[in-house]
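Asks: Pasting run.cif below, which is mmCIF, C-alpha atoms.
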```
data_upload
#
loop_
_atom_site.label_atom_id
_atom_site.label_comp_id
_atom_site.auth_asym_id
_atom_site.auth_seq_id
_atom_site.Cartn_x
_atom_site.Cartn_y
_atom_site.Cartn_z
CA MET A 1 0.00 0.00 0.00
CA LYS A 2 1.30 3.44 -0.91
CA SER A 3 2.36 5.77 1.88
CA TYR A 4 2.07 9.55 1.91
CA LEU A 5 5.82 9.72 1.19
CA ASP A 6 5.41 7.53 -1.90
CA CYS A 7 2.63 9.81 -3.17
CA TRP A 8 4.71 12.93 -2.43
CA ILE A 9 7.65 11.60 -4.45
CA GLY A 10 5.37 10.90 -7.41
CA ALA A 11 3.75 14.34 -7.22
CA ALA A 12 7.07 16.15 -6.76
CA THR A 13 8.67 14.33 -9.71
CA VAL A 14 5.91 15.49 -12.05
CA LEU A 15 5.32 19.02 -10.71
CA PHE A 16 9.02 19.93 -10.45
CA GLN A 17 9.50 19.12 -14.12
CA GLN A 18 6.36 21.06 -15.10
CA ALA A 19 6.87 24.17 -12.93
CA LEU A 20 10.64 24.66 -12.76
CA ALA A 21 12.80 26.12 -15.48
CA GLY A 22 14.95 23.56 -17.26
CA GLU A 23 12.65 20.67 -16.25
CA PRO A 24 14.98 19.37 -13.49
CA GLU A 25 14.89 15.70 -12.44
CA LEU A 26 14.30 14.52 -8.85
CA VAL A 27 16.64 11.62 -8.02
CA GLU A 28 16.96 9.81 -4.69
CA SER A 29 20.43 9.98 -3.14
CA LEU A 30 22.35 9.71 0.09
CA PRO A 31 21.96 12.63 2.54
CA LYS A 32 24.47 15.46 2.06
CA PRO A 33 25.25 18.50 4.24
CA LEU A 34 23.19 21.60 3.46
CA SER A 35 24.46 25.15 3.11
CA PRO A 36 23.96 27.49 6.09
CA ASN A 37 21.11 29.34 4.36
CA SER A 38 19.01 26.21 3.82
CA PHE A 39 15.24 26.62 4.18
CA GLY A 40 12.17 24.41 4.30
CA PHE A 41 8.45 23.96 4.84
CA ALA A 42 6.37 21.54 6.91
CA ALA A 43 2.85 20.27 6.22
CA SER A 44 0.56 18.94 8.97
CA VAL A 45 -1.54 16.05 7.65
CA ASP A 46 -4.81 14.97 9.26
CA GLY A 47 -7.45 12.37 8.44
CA ASP A 48 -6.99 8.62 7.86
CA LEU A 49 -3.26 9.33 8.19
CA VAL A 50 -1.88 11.92 10.58
CA GLY A 51 1.47 13.54 11.21
CA ARG A 52 4.01 16.03 9.95
CA PHE A 53 5.85 16.07 6.62
CA ALA A 54 8.82 18.41 6.22
CA VAL A 55 10.95 19.30 3.18
CA VAL A 56 14.28 21.15 3.54
CA LEU A 57 16.18 22.52 0.54
CA ASP A 58 19.79 23.59 0.13
CA GLY A 59 19.87 27.39 0.10
CA THR A 60 21.98 27.48 -3.07
CA VAL A 61 18.83 26.57 -5.03
CA LEU A 62 17.70 30.19 -4.55
CA ASP A 63 20.66 31.34 -6.69
CA ALA A 64 19.20 29.55 -9.72
CA PRO A 65 16.16 31.20 -11.33
CA LEU A 66 14.20 27.93 -11.37
CA MET A 67 10.98 29.84 -10.64
CA GLY A 68 11.62 32.23 -13.53
CA GLU A 69 13.58 35.45 -13.96
CA GLY A 70 12.57 38.29 -11.62
CA MET A 71 10.50 36.00 -9.35
CA ASP A 72 10.80 35.71 -5.56
CA GLN A 73 12.43 32.30 -5.57
CA LYS A 74 11.69 31.43 -1.92
CA ALA A 75 8.03 32.44 -2.19
CA GLY A 76 7.83 30.42 -5.39
CA TRP A 77 9.20 27.33 -3.66
CA ALA A 78 6.67 27.76 -0.83
CA GLU A 79 3.81 27.82 -3.34
CA LEU A 80 5.19 24.86 -5.31
CA LEU A 81 5.81 22.67 -2.25
CA ARG A 82 2.31 23.41 -0.94
CA GLU A 83 0.91 22.30 -4.31
CA VAL A 84 2.99 19.10 -4.12
CA ALA A 85 1.68 18.39 -0.61
CA GLU A 86 -1.92 18.85 -1.76
CA SER A 87 -1.35 16.70 -4.84
CA ALA A 88 0.11 13.93 -2.67
CA VAL A 89 -3.11 13.94 -0.63
CA GLY A 90 -5.15 13.47 -3.80
CA GLU A 91 -2.84 10.69 -5.02
CA LEU A 92 -3.12 8.94 -1.65
CA LEU A 93 -6.92 8.90 -1.91
CA ALA A 94 -6.82 7.53 -5.47
CA ALA A 95 -4.13 4.90 -4.81
CA ALA A 96 -4.91 3.72 -1.28
CA GLY A 97 -8.38 5.05 -0.48
CA LYS A 98 -6.96 7.11 2.41
CA LYS A 99 -8.77 10.42 2.87
CA CYS A 100 -6.51 13.14 4.26
CA ARG A 101 -6.13 16.92 4.22
CA ILE A 102 -3.36 19.47 4.79
CA GLU A 103 -4.20 21.28 8.04
CA LYS A 104 -1.19 23.62 8.13
CA PHE A 105 1.71 24.51 5.86
CA GLU A 106 4.43 26.62 7.44
CA PRO A 107 8.17 27.37 7.23
CA THR A 108 10.66 25.27 9.18
CA ASP A 109 14.26 26.19 10.02
CA GLY A 110 15.59 22.64 9.71
CA GLU A 111 15.08 19.03 10.77
CA SER A 112 17.12 16.93 13.18
CA LYS A 113 16.20 13.65 11.43
CA VAL A 114 15.93 12.71 7.76
CA SER A 115 13.70 10.02 6.23
CA ARG A 116 14.84 10.31 2.60
CA ALA A 117 17.29 12.45 0.60
CA PHE A 118 17.11 13.58 -3.03
CA GLN A 119 19.10 15.53 -5.60
CA LEU A 120 17.30 17.98 -7.89
CA LYS A 121 19.39 17.82 -11.06
CA SER A 122 19.32 20.34 -13.90
CA GLY A 123 22.12 20.05 -16.45
CA ASP A 124 25.46 20.04 -14.65
CA ARG A 125 24.00 21.52 -11.44
CA SER A 126 22.24 19.77 -8.56
CA TRP A 127 20.70 20.72 -5.21
CA THR A 128 20.05 18.62 -2.11
CA ILE A 129 16.50 18.14 -0.84
CA LEU A 130 15.92 16.38 2.52
CA VAL A 131 12.57 14.96 3.59
CA ARG A 132 11.32 14.02 7.04
CA ASP A 133 8.21 11.82 6.96
CA GLU A 134 6.21 11.39 10.17
CA VAL A 135 2.81 10.69 8.56
CA ARG A 136 1.33 7.49 9.94
CA ALA A 137 -1.96 5.81 10.66
CA PRO A 138 -3.29 7.14 13.98
CA GLN A 139 -2.76 4.91 16.98
CA PRO A 140 -6.00 3.43 18.33
CA ILE A 141 -7.13 4.88 21.65
CA VAL A 142 -7.08 2.18 24.30
CA LYS A 143 -9.57 2.88 27.03
CA PRO A 144 -8.45 1.69 30.45
CA GLU A 145 -10.60 -0.99 31.95
CA PRO A 146 -12.70 0.25 34.86
CA ALA A 147 -11.26 -0.66 38.21
CA LYS A 148 -12.89 -3.69 39.70
CA ALA A 149 -14.58 -3.07 43.01
CA ALA A 150 -13.22 -5.02 45.94
CA PRO A 151 -15.36 -8.07 46.73
CA LEU A 152 -17.86 -7.47 49.49
CA PRO A 153 -17.42 -9.50 52.67
CA PRO A 154 -19.87 -12.37 53.00
CA PRO A 155 -23.07 -11.45 54.88
CA MET A 156 -23.10 -12.21 58.58
CA SER A 157 -25.20 -15.05 59.86
CA PRO A 158 -28.68 -14.13 61.09
CA GLY A 159 -28.56 -13.06 64.71
CA ILE A 160 -24.87 -12.00 64.69
CA GLU A 161 -25.98 -8.35 64.49
CA LEU A 162 -27.43 -8.73 67.99
CA LEU A 163 -23.94 -9.48 69.37
CA LEU A 164 -22.08 -6.57 67.79
CA ASP A 165 -22.28 -4.43 70.94
CA VAL A 166 -21.23 -7.22 73.34
CA GLU A 167 -17.88 -6.50 75.00
CA LEU A 168 -15.28 -9.29 74.76
CA GLU A 169 -12.00 -9.77 76.57
CA ALA A 170 -8.97 -9.58 74.29
CA SER A 171 -5.39 -10.38 75.21
CA LEU A 172 -1.95 -10.06 73.62
CA ARG A 173 0.30 -13.10 73.33
CA PHE A 174 4.00 -12.39 73.03
CA GLY A 175 4.93 -16.06 72.72
CA CYS A 176 4.68 -19.41 74.47
CA ARG A 177 6.75 -22.34 75.66
CA GLU A 178 6.06 -25.82 77.00
CA MET A 179 7.82 -26.56 80.31
CA PRO A 180 7.89 -29.57 82.59
CA LEU A 181 5.95 -29.15 85.83
CA GLY A 182 9.19 -29.44 87.78
CA GLU A 183 10.69 -26.40 86.03
CA LEU A 184 7.55 -24.39 86.70
CA LEU A 185 7.75 -25.19 90.40
CA ASP A 186 11.42 -24.16 90.47
CA LEU A 187 10.74 -20.68 89.04
CA GLY A 188 11.52 -17.76 91.30
CA PRO A 189 11.77 -13.95 91.12
CA GLY A 190 14.37 -12.86 88.55
CA ASP A 191 14.27 -16.06 86.50
CA VAL A 192 13.98 -15.63 82.73
CA VAL A 193 11.72 -17.83 80.62
CA GLN A 194 12.68 -17.89 76.93
CA LEU A 195 9.67 -17.82 74.55
CA ASP A 196 9.34 -19.28 71.05
CA ARG A 197 9.15 -15.87 69.34
CA HIS A 198 11.84 -13.44 68.21
CA ILE A 199 11.74 -9.90 69.58
CA ALA A 200 10.99 -8.52 66.10
CA ASP A 201 8.11 -10.92 65.42
CA PRO A 202 4.53 -9.57 65.61
CA VAL A 203 2.43 -10.34 68.68
CA ASP A 204 -0.98 -12.03 68.57
CA LEU A 205 -4.31 -10.46 69.49
CA ILE A 206 -6.44 -13.28 70.90
CA VAL A 207 -10.16 -13.36 71.58
CA GLY A 208 -11.30 -16.60 73.21
CA ASP A 209 -8.77 -19.11 71.87
CA LYS A 210 -8.58 -17.67 68.35
CA ILE A 211 -5.99 -15.31 66.83
CA VAL A 212 -7.96 -12.43 65.27
CA ALA A 213 -5.07 -10.10 64.45
CA ARG A 214 -1.31 -9.53 64.69
CA GLY A 215 0.67 -6.35 65.10
CA GLU A 216 3.38 -4.30 66.83
CA VAL A 217 3.45 -3.30 70.48
CA VAL A 218 3.41 0.47 71.01
CA LEU A 219 3.11 2.86 73.93
CA VAL A 220 -0.05 4.99 74.12
CA ASN A 221 -0.14 7.56 76.95
CA GLY A 222 2.08 5.37 79.12
CA ASN A 223 0.07 2.19 78.37
CA PHE A 224 0.82 -0.71 76.08
CA GLY A 225 -1.09 -0.78 72.81
CA LEU A 226 -1.19 -2.77 69.59
CA ARG A 227 -0.71 -1.34 66.11
CA VAL A 228 -2.54 -3.86 63.89
CA THR A 229 -0.62 -4.98 60.80
CA GLU A 230 -2.51 -8.16 59.90
CA VAL A 231 -6.15 -9.19 60.38
CA ALA A 232 -7.64 -12.67 60.22
CA ALA A 233 -10.41 -13.46 57.75
CA PRO A 234 -13.94 -12.48 58.92
CA ARG A 235 -14.98 -16.14 59.22
CA LYS A 236 -12.14 -16.90 61.63
CA ARG A 237 -12.99 -13.83 63.69
CA LEU A 238 -16.61 -15.01 63.97
CA GLU A 239 -15.38 -18.43 65.10
CA SER A 240 -13.56 -16.78 67.98
CA ILE A 241 -16.85 -15.21 69.08
CA ARG A 242 -18.83 -18.45 68.77
CA CYS A 243 -16.44 -20.26 71.12
CA LEU A 244 -17.46 -17.83 73.92
CA PHE A 245 -21.19 -18.57 73.76
#
```
Let me see the structure of the file written as structure tokens.
Replies:
Amino acid sequence: MKSYLDCWIGAATVLFQQALAGEPELVESLPKPLSPNSFGFAASVDGDLVGRFAVVLDGTVLDAPLMGEGMDQKAGWAELLREVAESAVGELLAAAGKKCRIEKFEPTDGESKVSRAFQLKSGDRSWTILVRDEVRAPQPIVKPEPAKAAPLPPPMSPGIELLLDVELEASLRFGCREMPLGELLDLGPGDVVQLDRHIADPVDLIVGDKIVARGEVVLVNGNFGLRVTEVAAPRKRLESIRCLF
């Protein structure tokens, strides 16, 4: 399928020979450095294809009266390149069925990247023309999927609502250890009992005989408190309540 660049090359080849003195030939070549007074124009394309298409010419082309004697050469090139851009749009519709239009056509000082390079040859003289093609099919807009709502907790069993205001005794468990009865009887003031939990491990919040949460011990107004970092599933918390009734 033809691109906008392909259609521009075809239109430029024909129109340059028709409009310029000496019927110069447009030939593809390797990129060459431009003179300091180079100039160019950029077309903004919109429609089935979108993007920017820029053409930069070597400034020495203004020294040749390609537009005719006594004519403003730079203004002539602006008019000719606009006509080529419009013709390329028409060629694109005929060749590929892509409907586009030129939204803007304005001067450009230069381009940092080059897509293709050409030489405009007339007799023993030639001038460099650089093209930057950024005309592409528009990217499809991907709509983000709506965030999924967090699953609702399962409904409480009938009658549980009646117990929500009942006060329950909760305790913190720092650790445990099994000891022979003899060692328990030998304990005295100042003895140390080593537990099965490291000092950095979380402590358990117990209601009845069930662990309902874990967390870190903190001080709150001179009293011990628990900063909760992990909570048991609702079903397990309900089981701890059932074992008290």
Asks: Specify as a list in words each residue included when the PyMOL selection byres ((chain A and resi 26) around 12) is applied to this file.
Replies: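 Those residues are Trp8, Ile9, Gly10, Ala11, Ala12, Thr13, Val14, Leu15, Phe16, Gln17, Leu20, Glu23, Pro24, Glu25, Val27, Glu28, Ser29, Ala117, Phe118, Gln119, Leu120, Lys121, Ser122, Ser126, Trp127, Thr128, Ile129 and Leu130 of chain A.
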Asks: Name the residues captured by the PyMOL selection byres ((chain A and resi 131) around 9) when it is applied to the shown file; answer as a list of chain:residue names.
Replies: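 This file gives the following for the PyMOL selection byres ((chain A and resi 131) around 9): A:Leu5, A:Phe53, A:Ala54, A:Val55, A:Val56, A:Leu57, A:Glu111, A:Lys113, A:Val114, A:Ser115, A:Arg116, A:Ala117, A:Phe118, A:Ile129, A:Leu130, A:Arg132, A:Asp133.
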Asks: Residue by residue, what does the PyMOL selection byres ((chain A and resi 91-100) around 10) grab here? Present the result as a compact mmCIF listing (two decimals) with C-alpha atoms, keeping the file's coordinate frame.
Replies:
```txt
# COMPACT_ATOMS: atom_id res chain seq x y z
CA MET A 1 0.00 0.00 0.00
CA LYS A 2 1.30 3.44 -0.91
CA SER A 3 2.36 5.77 1.88
CA TYR A 4 2.07 9.55 1.91
CA LEU A 5 5.82 9.72 1.19
CA ASP A 6 5.41 7.53 -1.90
CA CYS A 7 2.63 9.81 -3.17
CA TRP A 8 4.71 12.93 -2.43
CA GLY A 10 5.37 10.90 -7.41
CA ALA A 11 3.75 14.34 -7.22
CA VAL A 45 -1.54 16.05 7.65
CA ASP A 46 -4.81 14.97 9.26
CA GLY A 47 -7.45 12.37 8.44
CA ASP A 48 -6.99 8.62 7.86
CA LEU A 49 -3.26 9.33 8.19
CA VAL A 50 -1.88 11.92 10.58
CA ALA A 85 1.68 18.39 -0.61
CA GLU A 86 -1.92 18.85 -1.76
CA SER A 87 -1.35 16.70 -4.84
CA ALA A 88 0.11 13.93 -2.67
CA VAL A 89 -3.11 13.94 -0.63
CA GLY A 90 -5.15 13.47 -3.80
CA ARG A 101 -6.13 16.92 4.22
CA ILE A 102 -3.36 19.47 4.79
CA GLU A 103 -4.20 21.28 8.04
CA ALA A 137 -1.96 5.81 10.66
```
Asks: Can you tell me how far CA of Asn37 in chain A sits from CA of Gly59 in chain A, in Å to one decimal?
Replies: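 These two atoms are separated by 4.8 Å.
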Asks: So, counting all atoms listed in the file, which residue among A:Glu134, A:Asp63, A:Glu167, A:Asp58 is closest to Ala43 in chain A?
Replies: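 Of the candidates, the smallest distance to Ala43 in chain A is held by A:Glu134.
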Asks: Could you state the separation of CA of Arg214 in chain A and CA of Val231 in chain A in Å, given to one decimal place?
Replies: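 Calculated distance between CA of Arg214 in chain A and CA of Val231 in chain A is 6.5 Å.
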Asks: Tell me, as a PyMOL selection string, which residues lie within 9 Å of Ala78 in chain A, counting only C-alpha atoms; anything in the same chain fewer than 6 positions away does not count.
Replies: chain A and resi 40-41+105-107
Asks: Go through A:Ala149, A:Val220, A:Cys176, A:Leu62 and flag the residue nearest His198 in chain A, using all atoms listed in the file for the distances.
Replies: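 Nearest candidate to His198 in chain A out of A:Ala149, A:Val220, A:Cys176, A:Leu62: A:Cys176.
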Asks: Need to verify the contact set: Thr229 in chain A, 9 Å, all atoms listed in the file, exclusion of same-chain residues closer than 5 positions in sequence. Can you return it as a ChimeraX atom specification?
Replies: /A:202,213-216
Asks: Next, the residues of the selection above should be written as a short mmCIF file (atom, residue, chain, number, x, y, z; two decimals), keeping the file's coordinate frame with C-alpha atoms.
Replies:
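Everything below was put into selection.cif:
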```cif
data_model
loop_
_atom_site.label_atom_id
_atom_site.label_comp_id
_atom_site.auth_asym_id
_atom_site.auth_seq_id
_atom_site.Cartn_x
_atom_site.Cartn_y
_atom_site.Cartn_z
CA PRO A 202 4.53 -9.57 65.61
CA ALA A 213 -5.07 -10.10 64.45
CA ARG A 214 -1.31 -9.53 64.69
CA GLY A 215 0.67 -6.35 65.10
CA GLU A 216 3.38 -4.30 66.83
#
```
Asks: Quick check, in Å to one decimal: how far apart do CA of Ala232 in chain A and CA of Pro151 in chain A lie?
Replies: 16.2 Å
Asks: Restricting the calculation to only C-alpha atoms, which member of A:Val135, A:Val218, A:Val142, A:Val228 is positioned closest to Arg52 in chain A?
Replies: A:Val135
Asks: Between A:Ala42, A:Lys32, A:Arg136, A:Arg173, which residue has the minimum interatomic distance to Leu226 in chain A, considering all atoms listed in the file?
Replies: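 Smallest distance to Leu226 in chain A is found for A:Arg173.
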